[in-house]
file input26.txt (compact mmCIF, C-alpha atoms and all ligand atoms)
# COMPACT_ATOMS: atom_id res chain seq x y z
CA MET W 1 -20.15 119.75 17.57
CA PHE W 2 -21.24 121.51 20.79
CA THR W 3 -24.04 123.34 18.98
CA GLU W 4 -25.44 120.06 17.72
CA ARG W 5 -25.13 118.43 21.15
CA LEU W 6 -26.93 121.30 22.89
CA ASP W 7 -29.67 121.19 20.26
CA ARG W 8 -30.11 117.46 20.77
CA ALA W 9 -30.20 117.93 24.55
CA ARG W 10 -32.92 120.56 24.20
CA SER W 11 -35.05 118.38 21.94
CA GLU W 12 -34.64 115.46 24.35
CA MET W 13 -35.70 117.79 27.20
CA GLN W 14 -38.77 118.86 25.30
CA ARG W 15 -39.60 115.24 24.53
CA GLN W 16 -39.33 114.33 28.23
CA GLY W 17 -40.95 117.49 29.61
CA VAL W 18 -37.79 118.76 31.34
CA ASP W 19 -37.75 122.57 31.61
CA ALA W 20 -34.21 123.13 32.81
CA LEU W 21 -31.07 121.00 32.97
CA LEU W 22 -28.61 121.83 35.77
CA LEU W 23 -25.12 120.41 35.28
CA SER W 24 -22.15 120.85 37.59
CA VAL W 25 -19.09 118.63 38.15
CA GLY W 26 -19.05 115.48 36.02
CA ALA W 27 -18.93 114.57 32.36
CA ASP W 28 -22.21 116.00 31.04
CA LEU W 29 -20.92 119.58 31.31
CA PRO W 30 -17.77 119.08 29.19
CA TYR W 31 -19.77 116.93 26.75
CA LEU W 32 -22.06 119.90 26.07
CA THR W 33 -19.63 122.83 26.42
CA GLY W 34 -16.02 121.64 26.35
CA TYR W 35 -15.59 122.97 29.89
CA GLU W 36 -14.88 120.76 32.87
CA ALA W 37 -15.94 122.26 36.20
CA MET W 38 -13.38 122.44 39.01
CA ALA W 39 -14.62 120.24 41.82
CA SER W 40 -14.54 122.75 44.64
CA GLU W 41 -16.65 124.55 47.23
CA ARG W 42 -17.32 127.26 44.65
CA LEU W 43 -20.31 126.45 42.45
CA THR W 44 -19.97 125.95 38.70
CA MET W 45 -23.29 125.19 37.04
CA LEU W 46 -24.53 125.16 33.48
CA VAL W 47 -28.22 126.01 33.28
CA VAL W 48 -29.79 124.77 30.05
CA PRO W 49 -33.39 125.98 29.70
CA ALA W 50 -35.45 123.93 27.26
CA ASP W 51 -36.62 127.19 25.73
CA GLY W 52 -33.68 129.53 26.10
CA ARG W 53 -29.99 130.21 25.96
CA PRO W 54 -27.70 128.18 28.25
CA GLN W 55 -25.75 130.07 30.90
CA LEU W 56 -22.62 128.84 32.58
CA VAL W 57 -22.56 130.15 36.15
CA VAL W 58 -18.89 130.05 37.10
CA PRO W 59 -16.69 131.55 39.84
CA GLU W 60 -15.17 134.80 38.54
CA LEU W 61 -11.65 133.59 39.29
CA GLU W 62 -12.23 130.47 37.17
CA ALA W 63 -13.95 132.25 34.27
CA PRO W 64 -10.62 132.71 32.40
CA ARG W 65 -10.42 128.89 32.11
CA VAL W 66 -13.63 128.78 30.07
CA THR W 67 -13.26 128.82 26.29
CA PRO W 68 -16.08 131.10 25.14
CA ARG W 69 -18.34 129.47 22.56
CA PRO W 70 -21.27 130.91 20.63
CA ASP W 71 -23.71 128.43 22.18
CA PHE W 72 -23.79 129.64 25.79
CA ASP W 73 -23.26 132.74 27.94
CA ILE W 74 -20.69 132.87 30.70
CA THR W 75 -22.16 134.26 33.91
CA PRO W 76 -19.34 134.82 36.42
CA TRP W 77 -20.11 135.31 40.09
CA GLY W 78 -17.87 137.33 42.38
CA GLU W 79 -16.38 136.15 45.66
CA LEU W 80 -19.17 137.86 47.66
CA ASP W 81 -22.08 136.99 45.36
CA ASP W 82 -24.57 134.19 46.01
CA PRO W 83 -24.30 131.71 43.12
CA ILE W 84 -27.35 129.73 44.29
CA ALA W 85 -29.47 132.89 43.96
CA LYS W 86 -28.04 133.38 40.49
CA VAL W 87 -29.07 129.86 39.40
CA HIS W 88 -32.55 130.34 40.91
CA GLU W 89 -32.87 133.58 38.98
CA ILE W 90 -31.96 131.94 35.66
CA VAL W 91 -34.26 128.97 36.28
CA GLY W 92 -37.08 131.38 37.09
CA ALA W 93 -40.56 129.90 36.94
CA ARG W 94 -39.50 126.68 35.19
CA SER W 95 -40.73 123.76 37.24
CA GLN W 96 -39.35 120.48 35.83
CA ILE W 97 -35.69 120.55 36.82
CA ALA W 98 -33.12 117.83 36.07
CA PHE W 99 -29.81 117.58 37.95
CA GLY W 100 -26.56 115.94 36.88
CA GLU W 101 -25.75 112.77 38.84
CA THR W 102 -22.63 114.14 40.50
CA THR W 103 -23.98 117.49 41.71
CA TRP W 104 -22.62 118.04 45.21
CA ALA W 105 -25.12 117.87 48.07
CA ARG W 106 -23.87 121.21 49.41
CA PHE W 107 -25.37 122.90 46.33
CA LEU W 108 -28.21 120.48 45.63
CA VAL W 109 -29.82 120.93 49.04
CA ASP W 110 -29.95 124.70 48.58
CA LEU W 111 -31.11 124.43 44.99
CA ILE W 112 -34.09 122.22 45.81
CA LYS W 113 -35.21 124.64 48.56
CA ALA W 114 -36.95 126.80 46.01
CA ASP W 115 -40.18 128.65 46.09
CA GLY W 116 -42.98 127.40 43.87
CA ASN W 117 -43.61 123.76 43.17
CA ARG W 118 -40.68 122.49 41.24
CA THR W 119 -40.16 118.83 40.44
CA PHE W 120 -36.67 117.42 40.43
CA ARG W 121 -35.32 114.75 38.14
CA HIS W 122 -32.13 113.07 36.99
CA ALA W 123 -30.35 114.78 34.09
CA VAL W 124 -29.04 111.36 33.05
CA GLU W 125 -32.50 110.68 31.57
CA VAL W 126 -31.85 113.47 29.10
CA MET W 127 -28.14 112.85 28.57
CA LYS W 128 -28.09 109.04 28.33
CA PRO W 129 -29.65 108.74 24.87
CA LEU W 130 -27.16 111.32 23.59
CA ARG W 131 -23.94 110.16 25.18
CA ALA W 132 -24.50 106.42 24.76
CA VAL W 133 -24.65 106.66 20.97
CA LYS W 134 -21.24 107.64 19.67
CA THR W 135 -20.68 109.52 16.44
CA ALA W 136 -18.08 108.30 13.92
CA ASP W 137 -15.69 110.94 15.28
CA GLU W 138 -16.16 109.76 18.87
CA ILE W 139 -15.58 106.14 17.83
CA GLU W 140 -12.31 107.08 16.13
CA ARG W 141 -11.19 108.88 19.29
CA LEU W 142 -12.04 105.84 21.40
CA ARG W 143 -10.16 103.69 18.89
CA ALA W 144 -7.05 105.87 19.14
CA ALA W 145 -7.14 105.61 22.95
CA SER W 146 -7.66 101.83 22.76
CA HIS W 147 -4.77 101.37 20.34
CA ALA W 148 -2.54 103.38 22.66
CA VAL W 149 -3.17 100.99 25.57
CA ASP W 150 -2.88 98.02 23.19
CA ARG W 151 0.75 99.05 22.60
CA ILE W 152 1.38 99.06 26.36
CA ALA W 153 -0.29 95.64 26.74
CA ALA W 154 1.90 94.29 23.93
CA ARG W 155 5.02 95.41 25.80
CA LEU W 156 3.67 93.79 28.96
CA GLN W 157 3.08 90.52 27.08
CA ALA W 158 6.55 90.68 25.51
CA GLY W 159 8.14 90.93 28.94
CA GLU W 160 9.40 94.44 28.27
CA ILE W 161 7.85 95.80 31.45
CA PRO W 162 9.74 94.29 34.43
CA LEU W 163 7.48 92.37 36.82
CA VAL W 164 9.30 89.79 38.93
CA GLY W 165 10.93 91.48 41.93
CA GLN W 166 8.88 94.66 41.45
CA THR W 167 6.06 95.76 43.74
CA GLU W 168 2.56 95.98 42.28
CA ALA W 169 2.70 99.72 43.02
CA ALA W 170 5.91 100.15 41.00
CA VAL W 171 4.42 98.33 38.00
CA SER W 172 1.25 100.40 38.35
CA ALA W 173 3.34 103.59 38.30
CA GLU W 174 5.18 102.37 35.18
CA LEU W 175 1.87 101.59 33.43
CA GLY W 176 0.68 105.08 34.39
CA ARG W 177 3.83 106.61 32.93
CA GLN W 178 3.34 104.73 29.67
CA ILE W 179 -0.36 105.67 29.51
CA LYS W 180 0.73 109.32 29.46
CA GLU W 181 3.64 108.65 27.12
CA GLU W 182 1.13 107.09 24.69
CA GLY W 183 -0.85 110.31 24.45
CA HIS W 184 -3.31 110.25 27.32
CA SER W 185 -3.44 113.36 29.53
CA LYS W 186 -4.84 111.54 32.49
CA VAL W 187 -4.35 108.13 34.09
CA ASN W 188 -7.73 106.87 35.31
CA PHE W 189 -6.50 103.64 36.92
CA ALA W 190 -3.72 101.10 36.67
CA ILE W 191 -4.68 97.99 38.62
CA VAL W 192 -1.84 95.52 39.09
CA ALA W 193 -2.85 92.44 41.08
CA ALA W 194 -0.42 89.58 41.62
CA GLY W 195 -1.14 86.02 42.74
CA GLU W 196 -4.04 85.80 45.19
CA ASN W 197 -4.60 89.57 44.90
CA ALA W 198 -5.99 88.99 41.39
CA ALA W 199 -9.08 87.47 43.05
CA SER W 200 -10.05 91.04 44.07
CA PRO W 201 -11.41 92.66 40.88
CA HIS W 202 -10.64 96.26 41.94
CA HIS W 203 -7.47 95.48 43.88
CA HIS W 204 -5.44 98.53 44.88
CA ALA W 205 -1.84 98.02 43.74
CA GLY W 206 0.26 97.84 46.87
CA GLU W 207 3.63 96.83 48.26
CA ARG W 208 3.34 93.12 47.43
CA VAL W 209 6.38 92.01 45.45
CA ILE W 210 5.64 90.05 42.27
CA GLN W 211 7.16 86.56 42.34
CA ALA W 212 8.20 84.08 39.67
CA ASP W 213 5.49 81.55 38.72
CA GLU W 214 2.36 83.50 39.44
CA GLY W 215 -0.38 85.33 37.60
CA VAL W 216 -0.47 89.11 37.26
CA LEU W 217 -3.66 90.90 36.25
CA CYS W 218 -3.25 94.39 34.77
CA ASP W 219 -6.30 96.61 34.11
CA PHE W 220 -5.44 100.12 33.02
CA GLY W 221 -6.68 103.12 31.12
CA GLY W 222 -6.68 106.87 30.82
CA THR W 223 -8.30 109.80 29.07
CA MET W 224 -6.99 111.15 25.76
CA TYR W 225 -8.00 114.78 25.15
CA GLY W 226 -8.57 116.47 21.80
CA ASP W 227 -8.09 120.14 20.91
CA ASP W 228 -11.71 120.77 21.86
CA GLY W 229 -11.10 120.00 25.54
CA ILE W 230 -13.04 116.75 25.38
CA GLY W 231 -11.35 113.51 26.36
CA TYR W 232 -12.16 109.89 25.53
CA CYS W 233 -11.20 106.93 27.68
CA SER W 234 -9.31 103.71 27.23
CA ASP W 235 -9.75 100.61 29.41
CA ILE W 236 -8.07 97.24 28.90
CA THR W 237 -7.31 94.14 30.97
CA ARG W 238 -4.71 91.51 30.16
CA CYS W 239 -3.19 88.77 32.32
CA VAL W 240 0.32 87.35 32.23
CA TRP W 241 2.03 84.47 34.04
CA THR W 242 5.59 84.87 35.25
CA GLY W 243 6.76 81.44 34.13
CA THR W 244 4.80 78.40 33.02
CA PRO W 245 1.20 78.44 34.26
CA PRO W 246 -0.16 75.34 36.03
CA PRO W 247 -2.80 73.33 34.10
CA GLU W 248 -5.61 74.42 36.46
CA PHE W 249 -4.97 78.07 35.66
CA VAL W 250 -4.62 77.37 31.93
CA GLU W 251 -8.03 75.68 32.06
CA LEU W 252 -9.58 78.60 33.95
CA TYR W 253 -8.11 81.07 31.48
CA ASP W 254 -9.29 79.10 28.46
CA VAL W 255 -12.86 79.18 29.80
CA LEU W 256 -12.58 82.92 30.42
CA HIS W 257 -11.17 83.52 26.93
CA GLU W 258 -13.93 81.48 25.31
CA ALA W 259 -16.58 83.41 27.30
CA GLN W 260 -15.10 86.77 26.36
CA VAL W 261 -14.95 85.92 22.66
CA ALA W 262 -18.56 84.66 22.74
CA SER W 263 -19.83 87.81 24.47
CA VAL W 264 -18.03 90.05 21.97
CA LYS W 265 -19.52 88.04 19.10
CA ALA W 266 -23.00 88.41 20.63
CA ALA W 267 -22.71 92.20 20.83
CA THR W 268 -24.59 92.95 17.63
CA VAL W 269 -27.02 95.80 16.96
CA GLY W 270 -30.47 94.86 18.23
CA THR W 271 -29.25 92.35 20.83
CA PRO W 272 -30.41 93.19 24.37
CA ALA W 273 -27.44 94.30 26.51
CA GLU W 274 -28.20 91.57 29.06
CA GLU W 275 -27.91 88.91 26.37
CA VAL W 276 -24.23 89.81 25.90
CA ASP W 277 -23.78 89.15 29.62
CA ARG W 278 -25.75 85.89 29.53
CA VAL W 279 -23.79 84.37 26.64
CA GLY W 280 -20.41 84.63 28.37
CA ARG W 281 -21.79 83.85 31.82
CA ALA W 282 -23.36 80.61 30.55
CA ILE W 283 -19.96 79.39 29.33
CA ILE W 284 -18.31 80.23 32.65
CA THR W 285 -21.16 78.65 34.63
CA ASP W 286 -21.20 75.49 32.52
CA ALA W 287 -17.48 75.07 33.16
CA GLY W 288 -18.16 75.21 36.92
CA TYR W 289 -16.83 78.71 37.61
CA GLY W 290 -20.19 80.53 37.80
CA GLU W 291 -19.88 81.46 41.48
CA TYR W 292 -16.51 83.13 40.75
CA PHE W 293 -17.83 85.57 38.12
CA ILE W 294 -19.04 88.21 40.57
CA HIS W 295 -19.65 91.28 38.43
CA ARG W 296 -21.49 92.43 35.32
CA THR W 297 -19.91 91.84 31.92
CA GLY W 298 -19.28 95.46 31.07
CA HIS W 299 -19.93 99.19 31.10
CA GLY W 300 -20.31 101.86 28.49
CA ILE W 301 -17.30 104.07 27.85
CA GLY W 302 -16.80 107.50 26.31
CA ILE W 303 -15.86 110.73 28.03
CA GLU W 304 -16.29 108.75 31.25
CA ALA W 305 -14.59 105.44 31.95
CA HIS W 306 -17.93 104.03 33.16
CA GLU W 307 -21.17 105.26 31.61
CA GLU W 308 -24.28 103.97 29.84
CA PRO W 309 -25.01 101.38 28.53
CA TYR W 310 -24.28 98.79 31.21
CA ILE W 311 -23.91 95.21 30.02
CA VAL W 312 -25.76 93.57 32.85
CA GLU W 313 -28.68 91.25 33.57
CA GLY W 314 -31.78 93.43 33.77
CA ASN W 315 -30.75 95.82 31.01
CA SER W 316 -32.98 94.65 28.19
CA ASP W 317 -32.31 97.72 26.03
CA PRO W 318 -31.25 96.53 22.60
CA LEU W 319 -27.78 97.66 21.55
CA VAL W 320 -27.84 100.39 18.94
CA ALA W 321 -25.18 101.26 16.38
CA GLY W 322 -22.69 103.54 18.11
CA ASN W 323 -22.93 102.01 21.60
CA ALA W 324 -19.38 101.61 22.96
CA PHE W 325 -18.78 99.38 25.98
CA SER W 326 -16.39 97.01 27.66
CA VAL W 327 -16.71 93.23 27.51
CA GLU W 328 -14.79 92.02 30.55
CA PRO W 329 -15.78 88.75 32.16
CA GLY W 330 -13.64 87.61 35.09
CA ILE W 331 -13.12 84.54 37.24
CA TYR W 332 -11.96 85.13 40.81
CA VAL W 333 -11.10 82.29 43.17
CA PRO W 334 -10.68 83.87 46.63
CA GLY W 335 -7.30 83.31 48.26
CA THR W 336 -5.91 81.60 45.16
CA TRP W 337 -5.95 83.55 41.91
CA GLY W 338 -8.07 85.40 39.40
CA ALA W 339 -8.23 86.51 35.78
CA ARG W 340 -10.13 89.02 33.66
CA LEU W 341 -10.03 89.74 29.94
CA GLU W 342 -11.30 93.10 28.73
CA ASP W 343 -11.78 94.78 25.37
CA ILE W 344 -13.72 97.86 24.34
CA VAL W 345 -16.29 97.00 21.67
CA VAL W 346 -18.54 99.14 19.48
CA ALA W 347 -21.86 97.82 18.22
CA ALA W 348 -21.69 98.59 14.50
CA ALA W 349 -24.09 97.97 11.63
CA ASP W 350 -21.79 95.31 10.19
CA GLY W 351 -21.10 93.56 13.49
CA PRO W 352 -19.16 94.04 16.72
CA ASP W 353 -16.10 96.26 16.24
CA SER W 354 -13.45 95.40 18.81
CA LEU W 355 -11.22 98.41 19.46
CA ASN W 356 -8.57 96.40 21.33
CA LEU W 357 -6.67 94.06 19.05
CA VAL W 358 -3.66 93.08 21.16
CA ASP W 359 -3.26 89.33 21.81
CA HIS W 360 -5.89 87.73 24.05
CA GLN W 361 -3.86 84.72 25.19
CA LEU W 362 -2.39 84.34 28.66
CA ALA W 363 1.15 85.60 28.03
CA GLN W 364 4.00 83.63 29.58
CA ILE W 365 6.90 85.75 30.63
CA GLY W 366 10.37 84.31 31.09
ZN ZN P 1 -10.75 97.81 32.98
ZN ZN P 2 -13.73 98.26 32.32
call {"tool": "encode", "arguments": {"input": "input26.txt", "output": "C-alpha cells", "more": "lines below"}}
Ligand code: ZN
Ligand code: ZN
result
Amino acid sequence: MFTERLDRARSEMQRQGVDALLLSVGADLPYLTGYEAMASERLTMLVVPADGRPQLVVPELEAPRVTPRPDFDITPWGELDDPIAKVHEIVGARSQIAFGETTWARFLVDLIKADGNRTFRHAVEVMKPLRAVKTADEIERLRAASHAVDRIAARLQAGEIPLVGQTEAAVSAELGRQIKEEGHSKVNFAIVAAGENAASPHHHAGERVIQADEGVLCDFGGTMYGDDGIGYCSDITRCVWTGTPPPEFVELYDVLHEAQVASVKAATVGTPAEEVDRVGRAIITDAGYGEYFIHRTGHGIGIEAHEEPYIVEGNSDPLVAGNAFSVEPGIYVPGTWGARLEDIVVAAADGPDSLNLVDHQLAQIG
C-alpha cells in the first residue's frame, strides 16, 4: 500500500514539476509512510525527491517509534545535530520544493532560507488528487468507523444515554468514552449543544445542564486505526428533543431533513461539488431559513476529519468515484435553537453510498 502511494506521489510530482516534497506533522506523512510525526520542537520531516529515495529525518530518540519499511530510509539526527542542515543536504540542488500545509513556522522559516533559487509550493497540490480518491479498502475502513458511531447515535436516539439533568460536558465525555469503546483509538470531537447553544455550530460542550423539552445537537467522531498505523475518521451529527418538540422546531427540522436527503441524492459521480451544496441550500432558502445556514455543506474525510474535497460554492470540481465527504446542512437561529444532520457519503459508480444508516428523524426522548 505505501509503495503504491509513494509511487503515485512521485508521478504526481513529476506531472506538476515538483522536485522535492517536504512533509512534517499532519496527515500526509502517515498516509505515505504509516508514521505520524510527534508535534514537537524537534524536527521530523520526510523528504521525497521526485527522482530518488525518500528519507525520513527523525529525532534519534523518536526513531524507535518508526516502523521500518522498504520504501524509505530512516535518517536519525542526534540531540546536537542540525536537522535543518540535514534536510538541506538531502534536498540538494532541487529547486521546486513543496511543503505540507501544517509544517511549523519554526522549521519552515529556516528551510526557505536556502542558497540557490528555490521555489516553494504547497504539497497539498501533489497530495490532494491522491488522498481525495479513496480505494475500496479505504472506503471499507471509513464504513467501519461510520457504523461504529451509528451504533452510538442509535443509543442516543433510544434514550439510552442520559441527557436531562446532565451537563453538556458530561454527555460529551460519555460520547467520547463510547467512541473509544466502539473501536476508535482517538476521539476527535464530541460536540453536545443544548437549547440555544445548538445555534453555535462548533459549540464547546460546557457546564450548561440539559433540561426537559429542549433540543440537543450531538456531533461526534474519532479515528479508527488499522494494523498499518493508519487511521480513518468517523463524523456524524444527530439531534434529539427531550420531550415533545414544538411545531416550529418540527417544521425547521423537516426542512433540514429534506435538504440533507436532496444533497445526498445529488452527490453522484460527475456532479460538481458545489452543486451538492446548492441543491440543499435552495430547499432551506425557499423555506425561509437561508440566512440561518451559515456554513458549507460538507468536507472530505479520510485520515483527517476535514480534508479535500470541500462541498462548497466555488468548488466546481466534479465528484469522482471514491470521493468521501460529509453532507451536513444546518439551520441555526441565534439565541433560540439550531439543528444539523450529517452523514458521510461516498460518490460511487452506482450512486451515492451513504455510510451512516442510523435513523435521520428528530428523535423524541421521554
Ligand atoms: Zn460532524
Ligand atoms: Zn463534519
call {"tool": "residues_near_ligand", "arguments": {"input": "input26.txt", "ligand": "ligand ZN 2 (chain P)", "cutoff": "9 Å", "atoms": "all atoms listed in the file", "output": "VMD selection string"}}
result
chain W and resid 219 to 221 234 to 237 297 to 301 305 to 306 325 to 328 342 to 344
call {"tool": "residues_around", "arguments": {"input": "input26.txt", "residues": "segment 246-261 of chain W", "least_positions_apart": "3", "cutoff": "6 Å", "atoms": "only C-alpha atoms", "output": "MDAnalysis selection string"}}
result
chainID W and resid 264 280 283
call {"tool": "atom_distance", "arguments": {"input": "input26.txt", "atom1": "atom CA of Ile294 of chain W", "atom2": "atom CA of Pro329 of chain W"}}
result
9.0 Å
call {"tool": "residues_around", "arguments": {"input": "input26.txt", "residues": "segment 192-195 of chain W", "least_positions_apart": "5", "cutoff": "12 Å", "atoms": "only C-alpha atoms", "output": "MDAnalysis selection string"}}
result
chainID W and resid 156 163:176 200:220 237:242 245 249 332:340
call {"tool": "closest_residue", "arguments": {"input": "input26.txt", "among": "W:Lys186, W:Arg278, W:Arg177, W:Arg151", "to": "Val358 of chain W", "atoms": "all atoms listed in the file"}}
result
W:Arg151
call {"tool": "atom_distance", "arguments": {"input": "input26.txt", "atom1": "atom CA of Glu138 of chain W", "atom2": "atom CA of Thr33 of chain W"}}
result
15.5 Å
call {"tool": "residues_near_point", "arguments": {"input": "input26.txt", "point": "(-10.1, 129.1, 34.7)", "cutoff": "12 Å", "atoms": "only C-alpha atoms", "output": "MDAnalysis selection string"}}
result
chainID W and resid 35:38 44 58:68 74 76
call {"tool": "atom_distance", "arguments": {"input": "input26.txt", "atom1": "atom CA of Ala198 of chain W", "atom2": "atom CA of Ala153 of chain W"}}
result
17.1 Å
call {"tool": "closest_residue", "arguments": {"input": "input26.txt", "among": "W:Tyr310, W:Tyr289, W:Phe72, W:Phe189", "to": "ligand ZN 1 (chain P)", "atoms": "only C-alpha atoms and all ligand atoms"}}
result
W:Phe189
call {"tool": "closest_residue", "arguments": {"input": "input26.txt", "among": "W:Arg118, W:Arg155, W:Arg69, W:His88", "to": "Asp19 of chain W", "atoms": "only C-alpha atoms"}}
result
W:Arg118
call {"tool": "residues_around", "arguments": {"input": "input26.txt", "residues": "Arg131 of chain W", "least_positions_apart": "4", "cutoff": "12 Å", "atoms": "all atoms listed in the file", "output": "mmCIF file with C-alpha atoms, in the frame of the given file"}}
result
data_model
loop_
_atom_site.group_PDB
_atom_site.id
_atom_site.type_symbol
_atom_site.label_atom_id
_atom_site.label_comp_id
_atom_site.auth_asym_id
_atom_site.auth_seq_id
_atom_site.Cartn_x
_atom_site.Cartn_y
_atom_site.Cartn_z
ATOM 1 C CA ARG W 5 -25.130 118.430 21.150
ATOM 2 C CA LEU W 6 -26.930 121.300 22.890
ATOM 3 C CA ARG W 8 -30.110 117.460 20.770
ATOM 4 C CA ALA W 9 -30.200 117.930 24.550
ATOM 5 C CA GLU W 12 -34.640 115.460 24.350
ATOM 6 C CA ALA W 27 -18.930 114.570 32.360
ATOM 7 C CA ASP W 28 -22.210 116.000 31.040
ATOM 8 C CA LEU W 29 -20.920 119.580 31.310
ATOM 9 C CA PRO W 30 -17.770 119.080 29.190
ATOM 10 C CA TYR W 31 -19.770 116.930 26.750
ATOM 11 C CA LEU W 32 -22.060 119.900 26.070
ATOM 12 C CA ALA W 123 -30.350 114.780 34.090
ATOM 13 C CA VAL W 124 -29.040 111.360 33.050
ATOM 14 C CA GLU W 125 -32.500 110.680 31.570
ATOM 15 C CA VAL W 126 -31.850 113.470 29.100
ATOM 16 C CA MET W 127 -28.140 112.850 28.570
ATOM 17 C CA THR W 135 -20.680 109.520 16.440
ATOM 18 C CA GLU W 138 -16.160 109.760 18.870
ATOM 19 C CA ILE W 139 -15.580 106.140 17.830
ATOM 20 C CA TYR W 232 -12.160 109.890 25.530
ATOM 21 C CA GLY W 300 -20.310 101.860 28.490
ATOM 22 C CA ILE W 301 -17.300 104.070 27.850
ATOM 23 C CA GLY W 302 -16.800 107.500 26.310
ATOM 24 C CA ILE W 303 -15.860 110.730 28.030
ATOM 25 C CA GLU W 304 -16.290 108.750 31.250
ATOM 26 C CA HIS W 306 -17.930 104.030 33.160
ATOM 27 C CA GLU W 307 -21.170 105.260 31.610
ATOM 28 C CA GLU W 308 -24.280 103.970 29.840
ATOM 29 C CA PRO W 309 -25.010 101.380 28.530
ATOM 30 C CA GLY W 322 -22.690 103.540 18.110
ATOM 31 C CA ASN W 323 -22.930 102.010 21.600
ATOM 32 C CA ALA W 324 -19.380 101.610 22.960
ATOM 33 C CA PHE W 325 -18.780 99.380 25.980
#
call {"tool": "residues_near_point", "arguments": {"input": "input26.txt", "point": "(-16.5, 116.4, 38.0)", "cutoff": "6 Å", "atoms": "all atoms listed in the file", "output": "number ranges by chain"}}
result
W: 25-26, 39
call {"tool": "closest_residue", "arguments": {"input": "input26.txt", "among": "W:Val279, W:Gly366, W:Val269, W:Ala348", "to": "Leu319 of chain W", "atoms": "all atoms listed in the file"}}
result
W:Val269
call {"tool": "axis_aligned_box", "arguments": {"input": "input26.txt", "around": "segment 328-340 of chain W", "padding_each_side": "6 Å", "output": "AutoDock Vina command-line options"}}
result
--center_x -10.8 --center_y 86.8 --center_z 39.4 --size_x 21.9 --size_y 22.4 --size_z 29.7
call {"tool": "decode", "arguments": {"input": "input26.txt", "residues": "segment 311-316 of chain W", "atoms": "all heavy atoms", "output": "PDB file, in the first residue's frame"}}
result
ATOM      1  N   ILE W 311     -17.285  20.522  -0.010  1.00  0.00           N
ATOM      2  CA  ILE W 311     -18.578  20.636  -0.691  1.00  0.00           C
ATOM      3  C   ILE W 311     -19.074  22.047  -0.446  1.00  0.00           C
ATOM      4  O   ILE W 311     -19.771  22.325   0.546  1.00  0.00           O
ATOM      5  CB  ILE W 311     -19.580  19.577  -0.155  1.00  0.00           C
ATOM      6  CG1 ILE W 311     -18.949  18.178  -0.163  1.00  0.00           C
ATOM      7  CG2 ILE W 311     -20.876  19.606  -0.978  1.00  0.00           C
ATOM      8  CD1 ILE W 311     -18.486  17.672  -1.513  1.00  0.00           C
ATOM      9  N   VAL W 312     -18.668  22.946  -1.330  1.00  0.00           N
ATOM     10  CA  VAL W 312     -18.856  24.364  -1.068  1.00  0.00           C
ATOM     11  C   VAL W 312     -19.013  25.104  -2.394  1.00  0.00           C
ATOM     12  O   VAL W 312     -18.431  24.699  -3.420  1.00  0.00           O
ATOM     13  CB  VAL W 312     -17.643  24.902  -0.250  1.00  0.00           C
ATOM     14  CG1 VAL W 312     -16.339  24.783  -1.017  1.00  0.00           C
ATOM     15  CG2 VAL W 312     -17.868  26.330   0.225  1.00  0.00           C
ATOM     16  N   GLU W 313     -19.796  26.173  -2.374  1.00  0.00           N
ATOM     17  CA  GLU W 313     -19.927  27.045  -3.544  1.00  0.00           C
ATOM     18  C   GLU W 313     -18.527  27.494  -3.976  1.00  0.00           C
ATOM     19  O   GLU W 313     -17.723  27.890  -3.140  1.00  0.00           O
ATOM     20  CB  GLU W 313     -20.791  28.258  -3.158  1.00  0.00           C
ATOM     21  CG  GLU W 313     -21.090  29.227  -4.280  1.00  0.00           C
ATOM     22  CD  GLU W 313     -21.935  28.610  -5.389  1.00  0.00           C
ATOM     23  OE1 GLU W 313     -22.871  27.845  -5.069  1.00  0.00           O
ATOM     24  OE2 GLU W 313     -21.649  28.887  -6.569  1.00  0.00           O
ATOM     25  N   GLY W 314     -18.234  27.398  -5.243  1.00  0.00           N
ATOM     26  CA  GLY W 314     -16.910  27.779  -5.721  1.00  0.00           C
ATOM     27  C   GLY W 314     -16.041  26.574  -6.045  1.00  0.00           C
ATOM     28  O   GLY W 314     -15.052  26.695  -6.754  1.00  0.00           O
ATOM     29  N   ASN W 315     -16.396  25.414  -5.513  1.00  0.00           N
ATOM     30  CA  ASN W 315     -15.660  24.200  -5.874  1.00  0.00           C
ATOM     31  C   ASN W 315     -16.423  23.503  -7.003  1.00  0.00           C
ATOM     32  O   ASN W 315     -17.347  22.733  -6.753  1.00  0.00           O
ATOM     33  CB  ASN W 315     -15.491  23.265  -4.679  1.00  0.00           C
ATOM     34  CG  ASN W 315     -14.693  22.019  -5.055  1.00  0.00           C
ATOM     35  OD1 ASN W 315     -14.170  21.912  -6.176  1.00  0.00           O
ATOM     36  ND2 ASN W 315     -14.610  21.062  -4.134  1.00  0.00           N
ATOM     37  N   SER W 316     -15.992  23.790  -8.229  1.00  0.00           N
ATOM     38  CA  SER W 316     -16.706  23.245  -9.383  1.00  0.00           C
ATOM     39  C   SER W 316     -16.125  21.904  -9.833  1.00  0.00           C
ATOM     40  O   SER W 316     -16.559  21.346 -10.839  1.00  0.00           O
ATOM     41  CB  SER W 316     -16.666  24.255 -10.531  1.00  0.00           C
ATOM     42  OG  SER W 316     -15.312  24.568 -10.809  1.00  0.00           O
TER      43      SER W 316
END
